[in-house]
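A.B. asks: Okay, so here is protein08.cif, and as you'll see once you scroll down, it has mmCIF, C-alpha atoms.
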data_structure
loop_
_atom_site.label_atom_id
_atom_site.label_comp_id
_atom_site.auth_asym_id
_atom_site.auth_seq_id
_atom_site.Cartn_x
_atom_site.Cartn_y
_atom_site.Cartn_z
CA MET V 1 82.69 108.63 58.63
CA VAL V 2 82.35 106.12 61.44
CA GLU V 3 85.12 104.15 59.84
CA THR V 4 87.61 106.99 60.20
CA ARG V 5 86.76 107.39 63.89
CA ASP V 6 87.31 103.66 64.40
CA LEU V 7 90.60 103.79 62.50
CA LEU V 8 91.79 106.59 64.77
CA LEU V 9 90.74 104.73 67.92
CA ARG V 10 92.38 101.52 66.75
CA ALA V 11 95.64 103.29 65.95
CA GLY V 12 95.45 105.12 69.29
CA LEU V 13 95.05 101.85 71.19
CA GLU V 14 97.99 100.29 69.36
CA VAL V 15 100.28 103.19 70.11
CA LEU V 16 99.09 103.82 73.67
CA THR V 17 99.37 100.23 74.87
CA GLU V 18 103.03 100.42 73.80
CA LYS V 19 103.97 103.89 74.92
CA GLY V 20 102.63 106.62 77.08
CA PHE V 21 99.99 109.24 76.40
CA SER V 22 102.48 112.06 76.95
CA ALA V 23 105.06 110.45 74.70
CA THR V 24 102.55 110.13 71.87
CA GLY V 25 101.69 112.97 69.55
CA ILE V 26 98.42 113.13 67.66
CA ASP V 27 100.53 113.48 64.51
CA GLU V 28 102.01 110.03 65.04
CA ILE V 29 98.54 108.50 65.20
CA LEU V 30 97.35 110.44 62.16
CA HIS V 31 100.40 109.38 60.22
CA ARG V 32 99.71 105.69 60.93
CA VAL V 33 96.28 105.81 59.41
CA SER V 34 96.82 108.61 56.86
CA VAL V 35 94.09 110.79 58.30
CA PRO V 36 94.45 114.59 58.05
CA LYS V 37 94.49 116.65 61.25
CA GLY V 38 91.26 118.46 60.44
CA SER V 39 89.50 115.14 60.26
CA PHE V 40 90.79 114.17 63.71
CA TYR V 41 89.32 117.32 65.21
CA HIS V 42 86.04 116.55 63.49
CA TYR V 43 85.72 113.44 65.65
CA PHE V 44 87.56 114.50 68.82
CA GLU V 45 87.68 118.04 70.10
CA SER V 46 91.04 117.53 71.84
CA LYS V 47 93.69 114.98 72.71
CA GLU V 48 91.95 114.69 76.09
CA ALA V 49 88.63 113.82 74.45
CA PHE V 50 90.46 111.25 72.33
CA GLY V 51 91.96 109.74 75.51
CA THR V 52 88.53 109.54 77.12
CA ALA V 53 87.14 107.71 74.08
CA LEU V 54 90.13 105.35 74.05
CA ILE V 55 89.67 104.45 77.72
CA ALA V 56 85.95 103.78 77.16
CA GLN V 57 86.62 101.62 74.12
CA TYR V 58 89.41 99.63 75.78
CA ALA V 59 87.36 99.12 78.95
CA HIS V 60 84.48 97.74 76.90
CA PHE V 61 86.74 95.52 74.78
CA PHE V 62 88.48 94.13 77.84
CA ALA V 63 85.30 93.55 79.85
CA ARG V 64 84.06 91.36 76.99
CA LYS V 65 87.39 89.51 77.01
CA ILE V 66 87.06 88.86 80.76
CA ASP V 67 83.47 87.67 80.29
CA HIS V 68 84.57 85.39 77.48
CA TYR V 69 86.80 83.48 79.90
CA LEU V 70 84.73 83.81 83.06
CA SER V 71 81.47 82.67 81.54
CA ASP V 72 82.82 79.32 80.34
CA LYS V 73 80.62 76.96 82.38
CA SER V 74 82.36 73.89 80.96
CA ILE V 75 85.19 74.37 83.48
CA SER V 76 85.31 75.23 87.19
CA PRO V 77 85.32 78.89 88.33
CA LEU V 78 89.00 78.86 89.34
CA ALA V 79 89.88 77.16 86.06
CA ARG V 80 88.13 80.06 84.30
CA LEU V 81 90.37 82.55 86.09
CA ARG V 82 93.40 80.48 85.13
CA ALA V 83 92.18 80.46 81.53
CA PHE V 84 91.99 84.25 81.61
CA VAL V 85 95.62 84.37 82.79
CA ALA V 86 96.72 81.96 80.07
CA GLY V 87 94.85 84.01 77.48
CA ALA V 88 96.50 87.22 78.65
CA GLN V 89 99.91 85.57 78.45
CA ALA V 90 99.24 84.42 74.90
CA GLY V 91 97.95 87.89 74.02
CA MET V 92 101.06 89.63 75.31
CA ALA V 93 103.33 87.06 73.65
CA SER V 94 101.61 87.64 70.31
CA HIS V 95 102.76 91.27 70.48
CA ASP V 96 106.26 90.31 71.68
CA PHE V 97 105.45 91.78 75.10
CA ARG V 98 105.55 95.29 73.67
CA ARG V 99 101.93 96.03 74.47
CA GLY V 100 100.62 96.27 77.99
CA CYS V 101 97.33 97.33 79.46
CA LEU V 102 96.05 100.74 78.40
CA ILE V 103 94.41 101.32 81.77
CA GLY V 104 97.56 100.42 83.69
CA ASN V 105 99.71 102.53 81.38
CA LEU V 106 97.53 105.58 81.81
CA GLY V 107 97.22 104.99 85.55
CA GLN V 108 101.00 105.04 85.84
CA GLU V 109 101.14 108.27 83.85
CA MET V 110 98.40 109.97 85.88
CA GLY V 111 100.86 112.58 87.21
CA SER V 112 101.01 114.20 83.80
CA LEU V 113 97.51 113.43 82.49
CA PRO V 114 94.24 115.39 82.51
CA GLU V 115 92.68 115.00 85.95
CA SER V 116 89.42 113.87 84.31
CA PHE V 117 91.03 110.51 83.47
CA ARG V 118 91.47 109.54 87.12
CA ARG V 119 87.88 108.59 87.99
CA GLN V 120 87.37 106.99 84.62
CA LEU V 121 90.40 104.72 85.10
CA GLN V 122 89.39 103.82 88.66
CA ALA V 123 85.90 102.92 87.46
CA VAL V 124 87.39 100.56 84.88
CA PHE V 125 89.38 98.70 87.53
CA ASP V 126 86.29 98.53 89.75
CA ASP V 127 84.36 96.99 86.88
CA TRP V 128 87.00 94.34 86.12
CA GLN V 129 87.34 93.55 89.80
CA SER V 130 83.57 93.04 90.14
CA ARG V 131 83.65 90.50 87.35
CA PHE V 132 86.48 88.64 89.09
CA ALA V 133 84.72 88.84 92.47
CA ARG V 134 81.62 87.18 91.00
CA CYS V 135 83.74 84.34 89.62
CA LEU V 136 85.43 83.90 93.01
CA MET V 137 81.98 83.70 94.65
CA ALA V 138 81.10 80.99 92.14
CA ALA V 139 84.30 79.22 93.25
CA GLN V 140 82.98 79.36 96.82
CA GLU V 141 79.66 77.87 95.66
CA ALA V 142 81.58 75.14 93.88
CA GLY V 143 83.63 74.35 96.99
CA GLU V 144 86.92 75.45 95.40
CA LEU V 145 87.45 78.41 97.69
CA SER V 146 86.92 78.88 101.42
CA ARG V 147 83.55 80.38 102.41
CA GLN V 148 85.53 82.67 104.72
CA ALA V 149 87.39 84.32 101.83
CA ASP V 150 86.49 87.93 101.04
CA CYS V 151 85.96 87.75 97.27
CA GLU V 152 85.92 91.52 96.72
CA GLN V 153 89.25 91.85 98.50
CA LEU V 154 90.75 88.92 96.60
CA ALA V 155 89.59 90.36 93.29
CA ALA V 156 91.14 93.72 94.18
CA PHE V 157 94.33 91.92 95.27
CA PHE V 158 94.47 90.17 91.91
CA TRP V 159 93.98 93.29 89.80
CA ILE V 160 96.31 95.47 91.85
CA GLY V 161 99.09 92.93 91.45
CA TRP V 162 98.23 91.84 87.93
CA GLU V 163 98.90 95.32 86.56
CA GLY V 164 102.34 95.08 88.15
CA ALA V 165 102.84 91.75 86.41
CA VAL V 166 101.88 93.22 83.02
CA LEU V 167 104.37 96.03 83.63
CA ARG V 168 107.17 93.56 84.46
CA ALA V 169 106.31 91.32 81.50
CA LYS V 170 106.80 94.33 79.22
CA LEU V 171 110.05 95.24 80.92
CA GLU V 172 111.42 91.69 80.78
CA GLN V 173 109.82 90.89 77.41
CA SER V 174 108.74 87.59 78.88
CA ALA V 175 105.62 85.84 80.21
CA GLU V 176 107.44 84.79 83.37
CA PRO V 177 106.27 87.69 85.57
CA LEU V 178 102.66 86.89 84.63
CA GLU V 179 103.23 83.24 85.56
CA VAL V 180 105.00 84.05 88.81
CA PHE V 181 102.24 86.40 89.85
CA ALA V 182 99.41 84.02 88.92
CA ARG V 183 101.14 81.10 90.65
CA GLY V 184 101.53 83.17 93.81
CA PHE V 185 97.94 84.35 93.69
CA PHE V 186 96.37 80.92 93.18
CA ALA V 187 98.70 79.23 95.70
CA GLY V 188 97.60 81.71 98.36
CA LEU V 189 93.84 81.18 97.92
CA PRO V 190 92.30 79.48 100.97
CA PRO V 191 90.89 76.13 99.78
CA GLY V 192 87.18 75.31 100.01
CA MET K 193 130.74 121.16 91.38
CA VAL K 194 129.55 117.93 93.02
CA GLU K 195 126.77 119.90 94.63
CA THR K 196 125.30 120.92 91.29
CA ARG K 197 125.30 117.32 90.09
CA ASP K 198 123.49 116.28 93.26
CA LEU K 199 120.99 119.11 92.87
CA LEU K 200 120.23 117.96 89.34
CA LEU K 201 119.81 114.33 90.40
CA ARG K 202 117.57 115.28 93.31
CA ALA K 203 115.35 117.41 91.09
CA GLY K 204 115.30 114.64 88.49
CA LEU K 205 114.15 112.09 91.08
CA GLU K 206 111.43 114.41 92.30
CA VAL K 207 110.07 115.03 88.85
CA LEU K 208 110.47 111.49 87.54
CA THR K 209 108.78 109.74 90.45
CA GLU K 210 105.76 111.94 89.69
CA LYS K 211 105.72 111.88 85.92
CA GLY K 212 107.29 110.00 83.09
CA PHE K 213 110.71 110.34 81.52
CA SER K 214 109.20 111.17 78.13
CA ALA K 215 106.87 113.76 79.65
CA THR K 216 109.76 115.51 81.37
CA GLY K 217 112.03 117.96 79.63
CA ILE K 218 115.52 118.72 80.82
CA ASP K 219 114.49 122.38 80.89
CA GLU K 220 111.90 121.66 83.56
CA ILE K 221 114.54 120.09 85.79
CA LEU K 222 117.02 122.92 85.16
CA HIS K 223 114.34 125.46 85.96
CA ARG K 224 113.62 123.84 89.34
CA VAL K 225 117.18 124.18 90.50
CA SER K 226 118.19 127.29 88.52
CA VAL K 227 121.04 125.54 86.75
CA PRO K 228 121.99 126.62 83.22
CA LYS K 229 121.83 124.12 80.38
CA GLY K 230 125.56 124.19 79.73
CA SER K 231 126.15 123.12 83.28
CA PHE K 232 123.82 120.15 82.88
CA TYR K 233 125.82 118.93 79.89
CA HIS K 234 128.98 119.33 81.90
CA TYR K 235 127.75 116.58 84.23
CA PHE K 236 125.64 114.45 81.89
CA GLU K 237 126.34 114.01 78.22
CA SER K 238 122.69 113.38 77.35
CA LYS K 239 119.22 112.90 78.80
CA GLU K 240 119.88 109.16 78.54
CA ALA K 241 123.05 109.44 80.65
CA PHE K 242 121.07 111.47 83.18
CA GLY K 243 118.45 108.71 83.28
CA THR K 244 121.12 106.07 83.85
CA ALA K 245 122.55 108.07 86.76
CA LEU K 246 119.07 108.58 88.23
CA ILE K 247 118.31 104.86 88.12
CA ALA K 248 121.63 104.05 89.81
CA GLN K 249 121.06 106.65 92.52
CA TYR K 250 117.47 105.60 93.19
CA ALA K 251 118.43 101.91 93.27
CA HIS K 252 121.11 102.62 95.85
CA PHE K 253 118.86 104.85 97.95
CA PHE K 254 116.07 102.29 97.93
CA ALA K 255 118.30 99.30 98.68
CA ARG K 256 119.44 101.11 101.83
CA LYS K 257 115.80 101.77 102.72
CA ILE K 258 114.97 98.08 102.32
CA ASP K 259 117.98 97.14 104.45
CA HIS K 260 116.93 99.62 107.09
CA TYR K 261 113.69 97.70 107.61
CA LEU K 262 114.92 94.18 106.92
CA SER K 263 117.93 94.31 109.23
CA ASP K 264 115.91 95.19 112.33
CA LYS K 265 116.67 92.13 114.47
CA SER K 266 114.45 93.38 117.29
CA ILE K 267 111.40 92.05 115.44
CA SER K 268 110.64 88.83 113.54
CA PRO K 269 111.52 88.50 109.82
CA LEU K 270 107.90 88.73 108.66
CA ALA K 271 107.36 91.72 110.96
CA ARG K 272 110.31 93.38 109.19
CA LEU K 273 108.61 92.92 105.82
CA ARG K 274 105.42 94.37 107.27
CA ALA K 275 107.41 97.30 108.61
CA PHE K 276 108.77 97.93 105.12
CA VAL K 277 105.20 98.01 103.79
CA ALA K 278 104.09 100.41 106.54
CA GLY K 279 107.10 102.62 105.83
CA ALA K 280 106.33 102.70 102.12
CA GLN K 281 102.71 103.65 102.87
CA ALA K 282 103.85 106.49 105.10
CA GLY K 283 106.35 107.61 102.46
CA MET K 284 103.74 107.74 99.71
CA ALA K 285 101.25 109.49 102.00
CA SER K 286 103.83 112.15 102.86
CA HIS K 287 103.90 113.09 99.16
CA ASP K 288 100.09 112.90 98.84
CA PHE K 289 100.47 109.76 96.70
CA ARG K 290 101.84 111.83 93.85
CA ARG K 291 105.19 110.08 93.82
CA GLY K 292 105.60 106.45 92.91
CA CYS K 293 108.60 104.25 92.32
CA LEU K 294 111.11 105.52 89.78
CA ILE K 295 111.97 101.99 88.67
CA GLY K 296 108.31 101.03 88.18
CA ASN K 297 107.60 104.29 86.37
CA LEU K 298 110.47 103.81 83.96
CA GLY K 299 109.63 100.13 83.51
CA GLN K 300 106.12 101.08 82.45
CA GLU K 301 107.52 103.61 80.00
CA MET K 302 110.07 101.21 78.51
CA GLY K 303 108.32 101.27 75.10
CA SER K 304 109.54 104.81 74.55
CA LEU K 305 112.82 104.75 76.51
CA PRO K 306 116.44 104.08 75.49
CA GLU K 307 116.89 100.31 75.27
CA SER K 308 119.91 100.56 77.58
CA PHE K 309 117.58 101.18 80.53
CA ARG K 310 115.97 97.75 80.27
CA ARG K 311 118.74 95.61 81.77
CA GLN K 312 119.51 98.25 84.35
CA LEU K 313 115.90 98.32 85.57
CA GLN K 314 115.67 94.51 85.63
CA ALA K 315 118.86 94.33 87.68
CA VAL K 316 117.39 96.72 90.24
CA PHE K 317 114.31 94.53 90.70
CA ASP K 318 116.54 91.46 90.98
CA ASP K 319 118.52 93.18 93.71
CA TRP K 320 115.45 94.20 95.72
CA GLN K 321 113.98 90.73 95.33
CA SER K 322 117.18 89.12 96.63
CA ARG K 323 116.99 91.22 99.76
CA PHE K 324 113.39 90.13 100.30
CA ALA K 325 114.22 86.48 99.59
CA ARG K 326 116.89 86.51 102.30
CA CYS K 327 114.39 87.90 104.80
CA LEU K 328 111.87 85.21 103.82
CA MET K 329 114.55 82.57 104.39
CA ALA K 330 115.11 84.05 107.83
CA ALA K 331 111.35 83.70 108.37
CA GLN K 332 111.71 79.99 107.54
CA GLU K 333 114.56 79.71 110.07
CA ALA K 334 112.37 81.42 112.64
CA GLY K 335 109.48 79.03 111.98
CA GLU K 336 107.23 81.79 110.59
CA LEU K 337 107.11 80.43 107.06
CA SER K 338 106.84 76.91 105.71
CA ARG K 339 110.15 75.21 104.85
CA GLN K 340 108.49 74.15 101.60
CA ALA K 341 108.03 77.75 100.44
CA ASP K 342 110.20 78.93 97.54
CA CYS K 343 111.56 82.21 98.90
CA GLU K 344 112.93 83.45 95.58
CA GLN K 345 109.55 82.94 93.95
CA LEU K 346 107.72 84.60 96.83
CA ALA K 347 110.05 87.59 96.73
CA ALA K 348 109.49 87.92 92.98
CA PHE K 349 105.72 87.57 93.55
CA PHE K 350 105.86 90.37 96.10
CA TRP K 351 107.82 92.80 93.94
CA ILE K 352 105.88 92.07 90.76
CA GLY K 353 102.63 92.83 92.54
CA TRP K 354 103.93 95.60 94.76
CA GLU K 355 104.76 97.78 91.77
CA GLY K 356 101.16 97.35 90.68
CA ALA K 357 100.07 98.45 94.14
CA VAL K 358 102.23 101.58 93.99
CA LEU K 359 100.70 102.38 90.61
CA ARG K 360 97.16 102.00 91.98
CA ALA K 361 97.96 104.02 95.10
CA LYS K 362 99.04 106.89 92.84
CA LEU K 363 95.92 106.55 90.71
CA GLU K 364 93.58 106.39 93.71
CA GLN K 365 95.60 108.84 95.80
CA SER K 366 95.18 106.47 98.70
CA ALA K 367 97.16 103.90 100.71
CA GLU K 368 94.38 101.35 100.33
CA PRO K 369 95.82 99.52 97.30
CA LEU K 370 99.10 99.07 99.20
CA GLU K 371 97.19 97.66 102.18
CA VAL K 372 95.03 95.38 100.06
CA PHE K 373 98.06 94.01 98.26
CA ALA K 374 100.11 93.50 101.43
CA ARG K 375 97.18 91.85 103.23
CA GLY K 376 96.69 89.46 100.30
CA PHE K 377 100.39 88.66 100.14
CA PHE K 378 100.86 87.94 103.84
CA ALA K 379 97.57 86.02 104.11
CA GLY K 380 98.71 83.70 101.34
CA LEU K 381 102.09 82.80 102.86
CA PRO K 382 102.21 79.16 103.95
CA PRO K 383 102.71 79.15 107.75
CA GLY K 384 105.80 77.57 109.33
#
Would you kindly transcribe this structure into structure tokens?
C.D. replies:
Amino acid sequence: MVETRDLLLRAGLEVLTEKGFSATGIDEILHRVSVPKGSFYHYFESKEAFGTALIAQYAHFFARKIDHYLSDKSISPLARLRAFVAGAQAGMASHDFRRGCLIGNLGQEMGSLPESFRRQLQAVFDDWQSRFARCLMAAQEAGELSRQADCEQLAAFFWIGWEGAVLRAKLEQSAEPLEVFARGFFAGLPPG
Amino acid sequence: MVETRDLLLRAGLEVLTEKGFSATGIDEILHRVSVPKGSFYHYFESKEAFGTALIAQYAHFFARKIDHYLSDKSISPLARLRAFVAGAQAGMASHDFRRGCLIGNLGQEMGSLPESFRRQLQAVFDDWQSRFARCLMAAQEAGELSRQADCEQLAAFFWIGWEGAVLRAKLEQSAEPLEVFARGFFAGLPPG
């Protein structure tokens, strides 16, 4: 039983990181995993409920990915952020730049999505930004970043722009936008 | 005759800066402007052709908007870029942050769009970036920006991130993401 729910969520994530929520029919997801429609509605009462579950699952998955990079004490805090960027580039390349960020995709589509998604998506960005802000504070402790820098603002700056970079990487089917953005971000950090 | 085509394009821009191409049916656009379907196909042979015309029209409209701000010789080059940002904030606010950037929206949706849009969208970004790069070079001439700065890279950095900021402003229904991004960008520029 749980397995079917997971299958549906996995297929949903695959499809929705490539294309939009509106452009995707439940049928397409069911077809991928050979699950009958009745079974879908056993687990999710609507497409909206499915979307909510997908956002929660992706947010959790990605927070662990961020922590994986940002908790590596063997390298300096800024090196950890750079490692996250390199990991994201490799991740996008491994899917030929077809898949982006589910949260960014849905955010862009907000105009035609259930209004309930809005706060959920904002909360996900806030969470990711907090994790980055803590790493930037560690960079201040380590003398890599100016004590005057506002780490919350810098973390927000990163995530606001990074979603644009993911979008452009998909459009250009290339890692270059991710590199250009990261280079610009790190070059602009006030040194410690 | 020309008027009907313009009506259709205007309605298309309105709808497509708010929601996605996939989420929008031709019928919805026709309904807005009370134009019969046959008339639509008189001007555009397909939804794809309509999309191509919309991108071209938006690109032209927005290039003129950029030039409007960046050709204002009464203020310094960096002040012109800041004026563009302020203008964009006011523009998004005037539509209650419902409307974003057509080019960014379509770029995000590329996974489910006609492949012919890809090069067209990339070319639009290249054009906007060139206009910004020229203004940044003028900032170097004026001693506002370091001679060592790579203006092409900085212009790409701006536009890659700016589209992320527009996305977040729509999601949060607030100008704050635009401000946070612009503040981060300008703060990171190496002084002249």
A.B. asks: For a quick test of understanding: name the residues of chain V lying within 6 Å of chain K when counting only C-alpha atoms, and present them as a PyMOL selection string.
C.D. replies: chain V and resi 18-19+22-23+107-108+111-112+157+160-161+163-165+167+171+180-181+188
A.B. asks: Using Å and a single decimal, report how far atom CA of Leu246 of chain K sits from atom CA of Leu201 of chain K.
C.D. replies: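 Separating atom CA of Leu201 of chain K from atom CA of Leu246 of chain K is a distance of 6.2 Å.
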A.B. asks: Please compute the atom CA of Ala347 of chain K-atom CA of Ser322 of chain K distance, one decimal, in Å.
C.D. replies: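 Answer for the atom CA of Ala347 of chain K to atom CA of Ser322 of chain K separation: 7.3 Å.
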A.B. asks: Fit chain V to chain K, using all C-alpha atoms paired in sequence order for the least-squares superposition, and then show me the result as a compact mmCIF listing (two decimals) with C-alpha atoms, keeping the file's coordinate frame.
C.D. replies:
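Dumped to part03.txt:
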# COMPACT_ATOMS: atom_id res chain seq x y z
CA MET V 1 130.72 121.15 91.43
CA VAL V 2 129.54 117.94 93.04
CA GLU V 3 126.77 119.91 94.64
CA THR V 4 125.31 120.94 91.29
CA ARG V 5 125.30 117.33 90.07
CA ASP V 6 123.48 116.28 93.24
CA LEU V 7 120.98 119.12 92.86
CA LEU V 8 120.23 117.96 89.32
CA LEU V 9 119.82 114.33 90.40
CA ARG V 10 117.58 115.29 93.31
CA ALA V 11 115.36 117.43 91.09
CA GLY V 12 115.30 114.65 88.49
CA LEU V 13 114.15 112.10 91.07
CA GLU V 14 111.41 114.42 92.32
CA VAL V 15 110.06 115.04 88.85
CA LEU V 16 110.48 111.49 87.54
CA THR V 17 108.78 109.74 90.46
CA GLU V 18 105.75 111.94 89.68
CA LYS V 19 105.72 111.90 85.92
CA GLY V 20 107.29 110.02 83.10
CA PHE V 21 110.71 110.34 81.52
CA SER V 22 109.20 111.19 78.14
CA ALA V 23 106.88 113.77 79.64
CA THR V 24 109.77 115.53 81.36
CA GLY V 25 112.03 117.98 79.61
CA ILE V 26 115.54 118.72 80.81
CA ASP V 27 114.49 122.38 80.86
CA GLU V 28 111.91 121.66 83.54
CA ILE V 29 114.56 120.10 85.77
CA LEU V 30 117.01 122.93 85.13
CA HIS V 31 114.36 125.48 85.92
CA ARG V 32 113.64 123.86 89.30
CA VAL V 33 117.19 124.20 90.47
CA SER V 34 118.21 127.30 88.48
CA VAL V 35 121.06 125.53 86.72
CA PRO V 36 122.00 126.64 83.18
CA LYS V 37 121.84 124.11 80.35
CA GLY V 38 125.57 124.19 79.70
CA SER V 39 126.16 123.13 83.26
CA PHE V 40 123.83 120.15 82.85
CA TYR V 41 125.81 118.92 79.87
CA HIS V 42 128.99 119.32 81.88
CA TYR V 43 127.76 116.59 84.22
CA PHE V 44 125.63 114.45 81.88
CA GLU V 45 126.34 114.02 78.21
CA SER V 46 122.67 113.38 77.35
CA LYS V 47 119.22 112.90 78.81
CA GLU V 48 119.89 109.16 78.54
CA ALA V 49 123.05 109.44 80.64
CA PHE V 50 121.08 111.47 83.17
CA GLY V 51 118.44 108.70 83.29
CA THR V 52 121.12 106.08 83.86
CA ALA V 53 122.55 108.08 86.77
CA LEU V 54 119.07 108.59 88.22
CA ILE V 55 118.30 104.86 88.12
CA ALA V 56 121.63 104.06 89.82
CA GLN V 57 121.07 106.65 92.52
CA TYR V 58 117.48 105.60 93.20
CA ALA V 59 118.41 101.91 93.27
CA HIS V 60 121.11 102.61 95.85
CA PHE V 61 118.85 104.85 97.95
CA PHE V 62 116.07 102.29 97.94
CA ALA V 63 118.30 99.30 98.68
CA ARG V 64 119.44 101.11 101.83
CA LYS V 65 115.79 101.78 102.72
CA ILE V 66 114.97 98.07 102.33
CA ASP V 67 117.99 97.12 104.45
CA HIS V 68 116.94 99.62 107.10
CA TYR V 69 113.70 97.70 107.62
CA LEU V 70 114.92 94.18 106.92
CA SER V 71 117.91 94.32 109.22
CA ASP V 72 115.90 95.19 112.33
CA LYS V 73 116.66 92.12 114.47
CA SER V 74 114.44 93.37 117.29
CA ILE V 75 111.38 92.04 115.43
CA SER V 76 110.63 88.82 113.54
CA PRO V 77 111.51 88.50 109.83
CA LEU V 78 107.89 88.73 108.66
CA ALA V 79 107.35 91.71 110.95
CA ARG V 80 110.31 93.36 109.20
CA LEU V 81 108.61 92.92 105.83
CA ARG V 82 105.41 94.36 107.28
CA ALA V 83 107.41 97.30 108.63
CA PHE V 84 108.77 97.93 105.14
CA VAL V 85 105.20 98.02 103.80
CA ALA V 86 104.09 100.40 106.54
CA GLY V 87 107.09 102.62 105.84
CA ALA V 88 106.32 102.71 102.13
CA GLN V 89 102.72 103.65 102.87
CA ALA V 90 103.84 106.49 105.12
CA GLY V 91 106.35 107.59 102.47
CA MET V 92 103.74 107.74 99.73
CA ALA V 93 101.25 109.49 102.02
CA SER V 94 103.83 112.15 102.87
CA HIS V 95 103.89 113.09 99.17
CA ASP V 96 100.09 112.90 98.86
CA PHE V 97 100.46 109.77 96.72
CA ARG V 98 101.84 111.83 93.85
CA ARG V 99 105.19 110.09 93.83
CA GLY V 100 105.60 106.46 92.92
CA CYS V 101 108.59 104.26 92.33
CA LEU V 102 111.11 105.52 89.79
CA ILE V 103 111.97 101.99 88.69
CA GLY V 104 108.33 101.04 88.20
CA ASN V 105 107.60 104.29 86.38
CA LEU V 106 110.46 103.81 83.97
CA GLY V 107 109.64 100.12 83.52
CA GLN V 108 106.13 101.07 82.46
CA GLU V 109 107.52 103.61 80.00
CA MET V 110 110.07 101.20 78.52
CA GLY V 111 108.33 101.28 75.12
CA SER V 112 109.54 104.81 74.56
CA LEU V 113 112.82 104.75 76.51
CA PRO V 114 116.44 104.08 75.49
CA GLU V 115 116.89 100.32 75.26
CA SER V 116 119.92 100.57 77.57
CA PHE V 117 117.58 101.19 80.53
CA ARG V 118 115.97 97.75 80.27
CA ARG V 119 118.74 95.61 81.79
CA GLN V 120 119.52 98.25 84.36
CA LEU V 121 115.91 98.31 85.58
CA GLN V 122 115.67 94.51 85.64
CA ALA V 123 118.87 94.33 87.68
CA VAL V 124 117.39 96.72 90.24
CA PHE V 125 114.32 94.52 90.71
CA ASP V 126 116.55 91.45 90.99
CA ASP V 127 118.53 93.18 93.72
CA TRP V 128 115.45 94.19 95.74
CA GLN V 129 113.98 90.73 95.33
CA SER V 130 117.19 89.11 96.64
CA ARG V 131 116.99 91.21 99.77
CA PHE V 132 113.38 90.13 100.29
CA ALA V 133 114.22 86.48 99.57
CA ARG V 134 116.89 86.52 102.30
CA CYS V 135 114.38 87.90 104.80
CA LEU V 136 111.86 85.21 103.82
CA MET V 137 114.55 82.55 104.39
CA ALA V 138 115.11 84.05 107.83
CA ALA V 139 111.34 83.68 108.36
CA GLN V 140 111.72 79.99 107.54
CA GLU V 141 114.57 79.70 110.07
CA ALA V 142 112.37 81.41 112.63
CA GLY V 143 109.48 79.03 111.97
CA GLU V 144 107.21 81.77 110.59
CA LEU V 145 107.11 80.41 107.07
CA SER V 146 106.83 76.89 105.70
CA ARG V 147 110.15 75.20 104.85
CA GLN V 148 108.50 74.15 101.58
CA ALA V 149 108.03 77.75 100.42
CA ASP V 150 110.21 78.92 97.53
CA CYS V 151 111.56 82.21 98.91
CA GLU V 152 112.94 83.46 95.58
CA GLN V 153 109.56 82.94 93.95
CA LEU V 154 107.71 84.59 96.83
CA ALA V 155 110.05 87.58 96.73
CA ALA V 156 109.48 87.92 92.99
CA PHE V 157 105.72 87.57 93.55
CA PHE V 158 105.86 90.37 96.10
CA TRP V 159 107.82 92.80 93.94
CA ILE V 160 105.88 92.08 90.76
CA GLY V 161 102.63 92.83 92.54
CA TRP V 162 103.93 95.60 94.77
CA GLU V 163 104.77 97.78 91.77
CA GLY V 164 101.15 97.36 90.69
CA ALA V 165 100.06 98.46 94.15
CA VAL V 166 102.24 101.58 94.00
CA LEU V 167 100.71 102.38 90.61
CA ARG V 168 97.15 102.01 91.97
CA ALA V 169 97.95 104.02 95.10
CA LYS V 170 99.02 106.90 92.84
CA LEU V 171 95.92 106.54 90.71
CA GLU V 172 93.57 106.39 93.70
CA GLN V 173 95.61 108.84 95.80
CA SER V 174 95.18 106.47 98.70
CA ALA V 175 97.15 103.89 100.71
CA GLU V 176 94.37 101.34 100.33
CA PRO V 177 95.83 99.51 97.31
CA LEU V 178 99.11 99.07 99.21
CA GLU V 179 97.19 97.65 102.18
CA VAL V 180 95.03 95.37 100.06
CA PHE V 181 98.05 94.00 98.27
CA ALA V 182 100.11 93.48 101.44
CA ARG V 183 97.17 91.84 103.22
CA GLY V 184 96.70 89.46 100.30
CA PHE V 185 100.39 88.66 100.13
CA PHE V 186 100.86 87.94 103.84
CA ALA V 187 97.56 86.01 104.11
CA GLY V 188 98.71 83.70 101.32
CA LEU V 189 102.09 82.80 102.86
CA PRO V 190 102.21 79.14 103.94
CA PRO V 191 102.72 79.12 107.73
CA GLY V 192 105.80 77.56 109.34
A.B. asks: May I have the residues within 10 Å of Leu270 of chain K as a list in words, using only C-alpha atoms and disregarding those fewer than 2 positions away in the same chain?
C.D. replies: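 Answer for this query is Leu262, Ile267, Ser268, Arg272, Leu273, Arg274, Ala275, Phe276, Cys327, Leu328, Ala330, Ala331, Gln332, Ala334, Glu336, Leu337 and Phe378 of chain K.
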